[in-house]
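Heads up: the structure comes next, in C-alpha cells.
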Amino acid sequence: MPLRLALALLALGTLLPCLAFFALEYRVLIADKQADLARQGRVYAHAIADDVTREIAVKETQLAVLATSPHLHDGNIAGLYAQAKRTSEKIPGGVVLFAADGRQIFNTRAPFGAALPDSRNADVLRRVTASGACRTTDLFRSVLDEQPLVSLLCPVPGTPYVLSGNLPVEHLRRVVGRQTAADWASTLVDRNGLVVARSADAPEALGTRLPAAVRATLSEADDGWTTLEAGDGADGAAGGEPFDAAWQHLPNGWTVLTAVPHARVIAPMSRWTRDVFFSLVVFSLIAFASAALVGEWIIAAMRGLADAARAIGRGAVIERVRSSIREVAEVGQALAQASHDRAKGEIANAHLAALVSSSGDAIMSVSLDGEILSWNKAAEELYGYRADEAVCRSHAMLVPPARLSEIEEKATAAREGRSLRLETIRLHKNGTPVEVSLDAAPIRGADGTVVGISVIAHDIGQRKRDEAHVAFVMRELSHRTKNLITVIIAMARRSVRQSDDFADFEDRFTGRLHGLARSHDLLVHTDWTGGSIEELVRLQLAPFVSEQSSLSVEGPDLLLRPEAVQNLGFALHELATNAHKYGALGWPGGRVTIRWRRTRGPDGDVRVKLTWQEAGGPVVDPPARTGFGSTVIQKLTAASLNATVDLAFDPAGLRWEVDMPATEILSDGNPFPIVPIGAAAPPRSASPPTSLSTH
C-alpha cells in the first residue's frame, strides 16, 4: 500500500473522534452561554434590587430625621410641616403626618391647614403603630389626586403619629432603568403582584397584575431564572414575545424582574452552530492536507537516516533524526546515540565545573575517608583557606572538637545512599566559629557505587542574628504591652470613679485612650527611642484646636524619653480637654501658648520648665471639686516625672507650669543651650507660633 494512501486513511480515522468531540463541545458551549446569560440577568436583578432598597433606606432616613424634630415633640405641627416641605425638595416624594386612626394631619403635597381626607391605608397604619416598625405599602392611588403611589410608613416613638414618605412611581421607574442594560427590560412588582415601575416608559402597564402562574414561579425562591411565554403578564418587558427573566426579592417583599427576549438567547447559539460547522469543514481539509504533508515528512526522514549513517561513517557528531514513525525514530536515535554520548559527557563536565566555581555557596567534595578532593571559590571566602591549602587535607580541620561525630554521621548517610541536611558550626581559618547550613549527598561512580560525598555549605550567620533580634523584639513587645494594659486599667478605674454616668465615663475614657494612642503613635515612629516635645504638644492638642481658637508653641528641639512622652502626654491631654470644654480652646478668639526651655535649678542641675498659659477665654474660677484630670496634671505628673507642678486659676486664663529634671525626661543627644532661671528662652526661627485646625 502506498504510504500516502495509508496516511489518508489514518487522517480519516483520526477525524471521526474529533467530530464526536466537537459535537459534545458544542453542547457544552451552548449550556455555558445560557448559564452566562442567566448569571447576567441575576446580576442586573440584584443590582436593581439594591438600588430600590437604598431608595427606601433614604426615605426611611428622611422620616427618622423628621421623627426626632423638636417641632414634633413641642407640638409645633406647622414647623414640622415646613421642615418636611424642605426635605421633600431634596428627596423625591411628599411627606404625610397621620394620626393612628388614619386621619391626615398634614400632607406636603397640599397647603398646610387644608382639609384632607382619611388614608386608604388605615389598616396598614394600625399594623405599623402596633409593631413599632416601618413598612412599605403596596401600590395604591392617592386620595388627593388619584395618582398611583407607594409609601413608607414609620411610627413616631412616644407619639400617636405615623410619618409617611411617598415614593413616586416615576422616580422608581428611573431607579429601575439605571441598572437595566440595552435590550433588557426590568419591572418592579409589589407584594400583590402589581406592577409598580418598569424601565421602559409604559404607563398602561402601571398597576397591572402578573398572572397567578408567574407569581407562583417568582415565589419559589428569593432569586432565580426562568423562561416565560408571551402573554404571561410581562410581555411589555420583552416586546410581546417569549422571554427569559431573572428575579430578585427585596427585603420588603417586592420583586425585581429583569427580562430579555428569547431571540437574544437563541442568537448566540445560532452563531455558534455556524461557527462550529465551519470549523469542522476547515478542520477536515487541514487533516487531509496534513496527511499529505506527513507522507512527505516520512519520506524525508528516511532519506535523513541514510544521510546520518554516512555522516557517522565519517566520524562526525550528528543530531537526533526525528520522525513521527516510531521505527524510523528508533533507528535515528540509535545512530545518534554513539556520537552524542562523548559530547554530552564533555559538556556536562564543563557545566558542572562552571556551576561549582560560580556558586555563591561553599561546595567541596570529600572522599569516604574524609579527604577534601575539591574546593570552590565560595569555600575559600567562607572558611578562609585557599584551594591549595584545603585540597588533600582532612575536612576535620573545619569541625569543632565537640562536633567531630558529625563526620561519621555524614559518611554513614552517604554509604546508605541518603542525603543529610543539618545546621551546625564550622571553624574559619582564624578559629572563628561560622554558623552554616550543610547539605551532604552521596557521589556515585559509573557503576552506581558511592565513591565520595558532596558537601554544600551556606552561611546562615545573618539569619541566626535576625532570628535572635526577632525574639528580642517579641519579648520587648510583650513587656510594653503589659505596661500599656496596666496604664489602661488604671485610667479606666480612675475614669469610673470620676464619671457621673456611663456616657460620661465613655466620653472621658475614650478621650484618654485617644490621647494615649497619640503618644504611642509618636513613639512608634521613632522605634521607641523617644519623641520630640514639640511633636508631642502638637499631636495632643490637634483634635482640640479649631478655626476660632489658636495654639502657639515655643521652645528648643528636645527629645523626650519614652516614659516622659507617655506621662507628659497624659497631662497635655487633660489640659487640652479642660481648655476645650471650659477654657480658651472652646471660646472664640481663645489662645493657648505653650513654652518650654532648659534651665538650671538652685542646685545647678539641668532642668526643663514647660508653661501652659491660656488667654482670650472665659473668666476662670477655681473648680468646686477636683477630678481625675486634676490628679493627672498635678499629682501624677509630679510623681511620674519627679517634677514640681504649679497650677494657677488666674481669672484671665489658666496657667500650669511644670519644672522637670532633664536627667529624668530627656533622652541622650540633646546638646542645646541652657537658659538660666529668669532669662527668656531663645526664639525659634524654624517653628514660629502657629494656629492648628482640626481635621
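Convention: chains lettered A, B, ... in C-alpha cells order; per-chain residue numbering from 1; ligands numbered from 1 as shown.
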
Point to revise | Residue contacts of region 194-204 of chain A (6 Å, only C-alpha atoms) excluding same-chain residues fewer than 5 positions away, as a list of chain:residue names | key: A:Val169, A:Arg173, A:Val176, A:Gly177, A:Ala185, A:Ser186, A:Thr187, A:Leu188, A:Val189, A:Arg209

Please save C-alpha atoms of the selected residues as a PDB file, in the first residue's frame.
```
ATOM      1  CA  VAL A 169     -43.529  55.696  40.737  1.00  0.00           C
ATOM      2  CA  ARG A 173     -39.027  53.979  37.105  1.00  0.00           C
ATOM      3  CA  VAL A 176     -35.140  50.686  37.830  1.00  0.00           C
ATOM      4  CA  GLY A 177     -33.904  51.971  34.465  1.00  0.00           C
ATOM      5  CA  ALA A 185     -36.355  45.419  30.409  1.00  0.00           C
ATOM      6  CA  SER A 186     -36.936  45.497  34.154  1.00  0.00           C
ATOM      7  CA  THR A 187     -40.137  45.562  36.221  1.00  0.00           C
ATOM      8  CA  LEU A 188     -40.717  46.329  39.907  1.00  0.00           C
ATOM      9  CA  VAL A 189     -43.650  44.382  41.367  1.00  0.00           C
ATOM     10  CA  ARG A 209     -51.201  42.341  37.960  1.00  0.00           C
TER      11      ARG A 209
END
```

Review point. Which neighbours of Leu163 (chain A) fall inside 9 Å, counting only C-alpha atoms, when residues of the same chain fewer than 4 positions from it are skipped, and could you give them as number ranges by chain?
Key: A: 63-64, 66-67, 95-99, 152-156

Kindly export the residues of the current selection with C-alpha atoms, as a PDB file, in the first residue's frame.
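Below you can see again30.pdb, which holds the result:
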```pdb
ATOM      1  CA  LEU A  63     -38.608  60.077  58.139  1.00  0.00           C
ATOM      2  CA  ALA A  64     -36.286  59.180  61.033  1.00  0.00           C
ATOM      3  CA  LEU A  66     -38.322  64.222  60.970  1.00  0.00           C
ATOM      4  CA  ALA A  67     -39.402  61.893  63.825  1.00  0.00           C
ATOM      5  CA  VAL A  95     -44.358  63.565  53.400  1.00  0.00           C
ATOM      6  CA  VAL A  96     -47.628  62.954  55.267  1.00  0.00           C
ATOM      7  CA  LEU A  97     -48.252  63.033  59.011  1.00  0.00           C
ATOM      8  CA  PHE A  98     -51.057  60.639  60.055  1.00  0.00           C
ATOM      9  CA  ALA A  99     -52.866  60.108  63.297  1.00  0.00           C
ATOM     10  CA  LEU A 152     -43.088  54.082  53.507  1.00  0.00           C
ATOM     11  CA  LEU A 153     -44.906  54.301  56.872  1.00  0.00           C
ATOM     12  CA  CYS A 154     -42.890  54.770  60.078  1.00  0.00           C
ATOM     13  CA  PRO A 155     -44.335  55.227  63.602  1.00  0.00           C
ATOM     14  CA  VAL A 156     -43.060  58.156  65.655  1.00  0.00           C
TER      15      VAL A 156
END
```

Exercise for review: Find the spatial neighbours of Trp225 (chain A), counting only C-alpha atoms, within a cut-off of 7 Å - ignore same-chain residues fewer than 6 positions away - and output them as a ChimeraX atom specification.
Suggested key: /A:38,245-247

Let's have the selection written as an mmCIF file, in the first residue's frame, with C-alpha atoms.
```cif
data_model
loop_
_atom_site.group_PDB
_atom_site.id
_atom_site.type_symbol
_atom_site.label_atom_id
_atom_site.label_comp_id
_atom_site.auth_asym_id
_atom_site.auth_seq_id
_atom_site.Cartn_x
_atom_site.Cartn_y
_atom_site.Cartn_z
ATOM 1 C CA ALA A 38 -28.716 33.655 33.437
ATOM 2 C CA ALA A 245 -36.277 36.508 33.002
ATOM 3 C CA ALA A 246 -34.333 36.725 36.265
ATOM 4 C CA TRP A 247 -35.935 37.858 39.513
#
```

Check your understanding: Within 8 Å of region 70-85 of chain A, counting only C-alpha atoms, which residues qualify if same-chain residues fewer than 4 places away don't, as a PyMOL selection string?
Key -> chain A and resi 66+89+94-95+106-108+112

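Using only C-alpha atoms, the shortest contact distance between Ala263 (chain A) and any of A:Thr626, A:Ser365, A:Thr227, A:Gln462 is found at A:Thr227.
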
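All residues of protein, DNA or RNA that reach within 9 Å of Gln540 (chain A), judged by only C-alpha atoms and not counting those fewer than 2 positions away in the chain, are A:His514, A:Gly515, A:Leu516, A:Arg518, A:Ser519, A:Glu535, A:Leu536, A:Val537, A:Arg538, A:Ala542, A:Pro543, A:Phe544, A:Gly569, A:Phe570, A:Leu572, A:His573, A:Ala576.
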
I need the chosen residues saved as a PDB file, in the first residue's frame, with C-alpha atoms.
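Written output follows (result.pdb):
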```pdb
ATOM      1  CA  HIS A 514      -7.029  58.534  72.157  1.00  0.00           C
ATOM      2  CA  GLY A 515      -4.533  60.747  73.974  1.00  0.00           C
ATOM      3  CA  LEU A 516      -2.528  57.681  74.991  1.00  0.00           C
ATOM      4  CA  ARG A 518      -1.323  59.683  70.041  1.00  0.00           C
ATOM      5  CA  SER A 519       1.645  59.453  72.402  1.00  0.00           C
ATOM      6  CA  GLU A 535       5.572  66.930  68.103  1.00  0.00           C
ATOM      7  CA  LEU A 536       4.056  65.625  71.340  1.00  0.00           C
ATOM      8  CA  VAL A 537       2.414  69.017  72.060  1.00  0.00           C
ATOM      9  CA  ARG A 538       1.027  69.341  68.543  1.00  0.00           C
ATOM     10  CA  ALA A 542      -4.537  68.880  67.323  1.00  0.00           C
ATOM     11  CA  PRO A 543      -8.033  67.409  67.999  1.00  0.00           C
ATOM     12  CA  PHE A 544      -8.982  70.338  70.248  1.00  0.00           C
ATOM     13  CA  GLY A 569       1.153  63.302  77.049  1.00  0.00           C
ATOM     14  CA  PHE A 570      -1.384  62.375  79.785  1.00  0.00           C
ATOM     15  CA  LEU A 572      -1.321  67.686  77.965  1.00  0.00           C
ATOM     16  CA  HIS A 573      -4.430  65.693  77.014  1.00  0.00           C
ATOM     17  CA  ALA A 576      -6.468  70.304  76.340  1.00  0.00           C
TER      18      ALA A 576
END
```

Can you list, as a PDB file with C-alpha atoms, in the first residue's frame, every protein, DNA or RNA residue that comes within 12 Å of region 116-129 of chain A when you count only C-alpha atoms, leaving out same-chain residues fewer than 2 positions away?
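Writing the result to part09.pdb gives the following:
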```
ATOM      1  CA  VAL A  96     -47.628  62.954  55.267  1.00  0.00           C
ATOM      2  CA  LEU A  97     -48.252  63.033  59.011  1.00  0.00           C
ATOM      3  CA  PHE A  98     -51.057  60.639  60.055  1.00  0.00           C
ATOM      4  CA  ALA A  99     -52.866  60.108  63.297  1.00  0.00           C
ATOM      5  CA  ALA A 100     -53.025  56.464  64.364  1.00  0.00           C
ATOM      6  CA  ASP A 101     -56.680  56.257  63.221  1.00  0.00           C
ATOM      7  CA  GLY A 102     -55.794  57.220  59.620  1.00  0.00           C
ATOM      8  CA  ARG A 103     -56.539  60.962  59.715  1.00  0.00           C
ATOM      9  CA  GLN A 104     -54.136  63.107  57.728  1.00  0.00           C
ATOM     10  CA  ILE A 105     -52.684  65.850  59.932  1.00  0.00           C
ATOM     11  CA  PHE A 106     -50.799  67.414  57.027  1.00  0.00           C
ATOM     12  CA  ASN A 107     -49.596  66.480  53.548  1.00  0.00           C
ATOM     13  CA  THR A 108     -46.708  68.353  51.907  1.00  0.00           C
ATOM     14  CA  ARG A 109     -48.457  67.890  48.577  1.00  0.00           C
ATOM     15  CA  ALA A 110     -51.262  70.142  49.879  1.00  0.00           C
ATOM     16  CA  PRO A 111     -51.142  73.530  51.642  1.00  0.00           C
ATOM     17  CA  PHE A 112     -50.845  73.405  55.402  1.00  0.00           C
ATOM     18  CA  GLY A 113     -54.257  73.544  57.111  1.00  0.00           C
ATOM     19  CA  ALA A 114     -56.154  72.294  54.048  1.00  0.00           C
ATOM     20  CA  SER A 131     -45.468  46.751  65.506  1.00  0.00           C
ATOM     21  CA  GLY A 132     -43.418  49.903  66.056  1.00  0.00           C
ATOM     22  CA  ALA A 133     -41.507  49.179  62.790  1.00  0.00           C
ATOM     23  CA  CYS A 134     -41.503  50.860  59.370  1.00  0.00           C
ATOM     24  CA  ARG A 135     -43.410  49.211  56.498  1.00  0.00           C
ATOM     25  CA  THR A 136     -43.812  49.905  52.792  1.00  0.00           C
ATOM     26  CA  THR A 137     -47.277  49.878  51.265  1.00  0.00           C
ATOM     27  CA  ASP A 138     -48.188  48.182  48.027  1.00  0.00           C
ATOM     28  CA  LEU A 139     -49.288  50.234  45.027  1.00  0.00           C
ATOM     29  CA  PHE A 140     -52.370  52.403  45.729  1.00  0.00           C
ATOM     30  CA  ARG A 141     -53.960  55.576  44.381  1.00  0.00           C
ATOM     31  CA  SER A 142     -53.657  58.822  46.329  1.00  0.00           C
ATOM     32  CA  VAL A 143     -56.844  60.165  47.912  1.00  0.00           C
ATOM     33  CA  LEU A 144     -55.706  63.653  46.854  1.00  0.00           C
ATOM     34  CA  ASP A 145     -55.275  63.261  43.095  1.00  0.00           C
ATOM     35  CA  GLU A 146     -55.807  59.535  42.368  1.00  0.00           C
ATOM     36  CA  LEU A 149     -48.206  55.805  44.763  1.00  0.00           C
ATOM     37  CA  VAL A 150     -46.271  53.611  47.136  1.00  0.00           C
ATOM     38  CA  SER A 151     -45.359  54.861  50.589  1.00  0.00           C
ATOM     39  CA  LEU A 152     -43.088  54.082  53.507  1.00  0.00           C
ATOM     40  CA  LEU A 153     -44.906  54.301  56.872  1.00  0.00           C
ATOM     41  CA  CYS A 154     -42.890  54.770  60.078  1.00  0.00           C
ATOM     42  CA  PRO A 155     -44.335  55.227  63.602  1.00  0.00           C
ATOM     43  CA  VAL A 156     -43.060  58.156  65.655  1.00  0.00           C
ATOM     44  CA  PRO A 157     -41.912  56.731  69.005  1.00  0.00           C
ATOM     45  CA  GLY A 158     -43.645  58.215  72.027  1.00  0.00           C
ATOM     46  CA  THR A 159     -46.377  59.925  69.961  1.00  0.00           C
ATOM     47  CA  PRO A 160     -49.726  58.877  68.430  1.00  0.00           C
ATOM     48  CA  TYR A 161     -48.417  59.823  64.961  1.00  0.00           C
ATOM     49  CA  VAL A 162     -47.203  57.933  61.917  1.00  0.00           C
ATOM     50  CA  LEU A 163     -44.972  59.577  59.288  1.00  0.00           C
ATOM     51  CA  SER A 164     -45.450  58.542  55.667  1.00  0.00           C
TER      52      SER A 164
END
```

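Secondary structure by DSSP on the backbone puts the following residues of region 536-570 of chain A in strand (DSSP E): Ser550, Leu551, Ser552, Val553, Glu554, Leu559 and Leu560 of chain A.
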
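Residues in contact with Ala306 (chain A) at 12 Å, where only C-alpha atoms are counted and same-chain residues fewer than 5 positions away are skipped, are listed as Ile299, Ala300, Ala301, Ala311, Ile312, Gly313, Val321, Val328, Val331, Gly332 and Leu335 of chain A.
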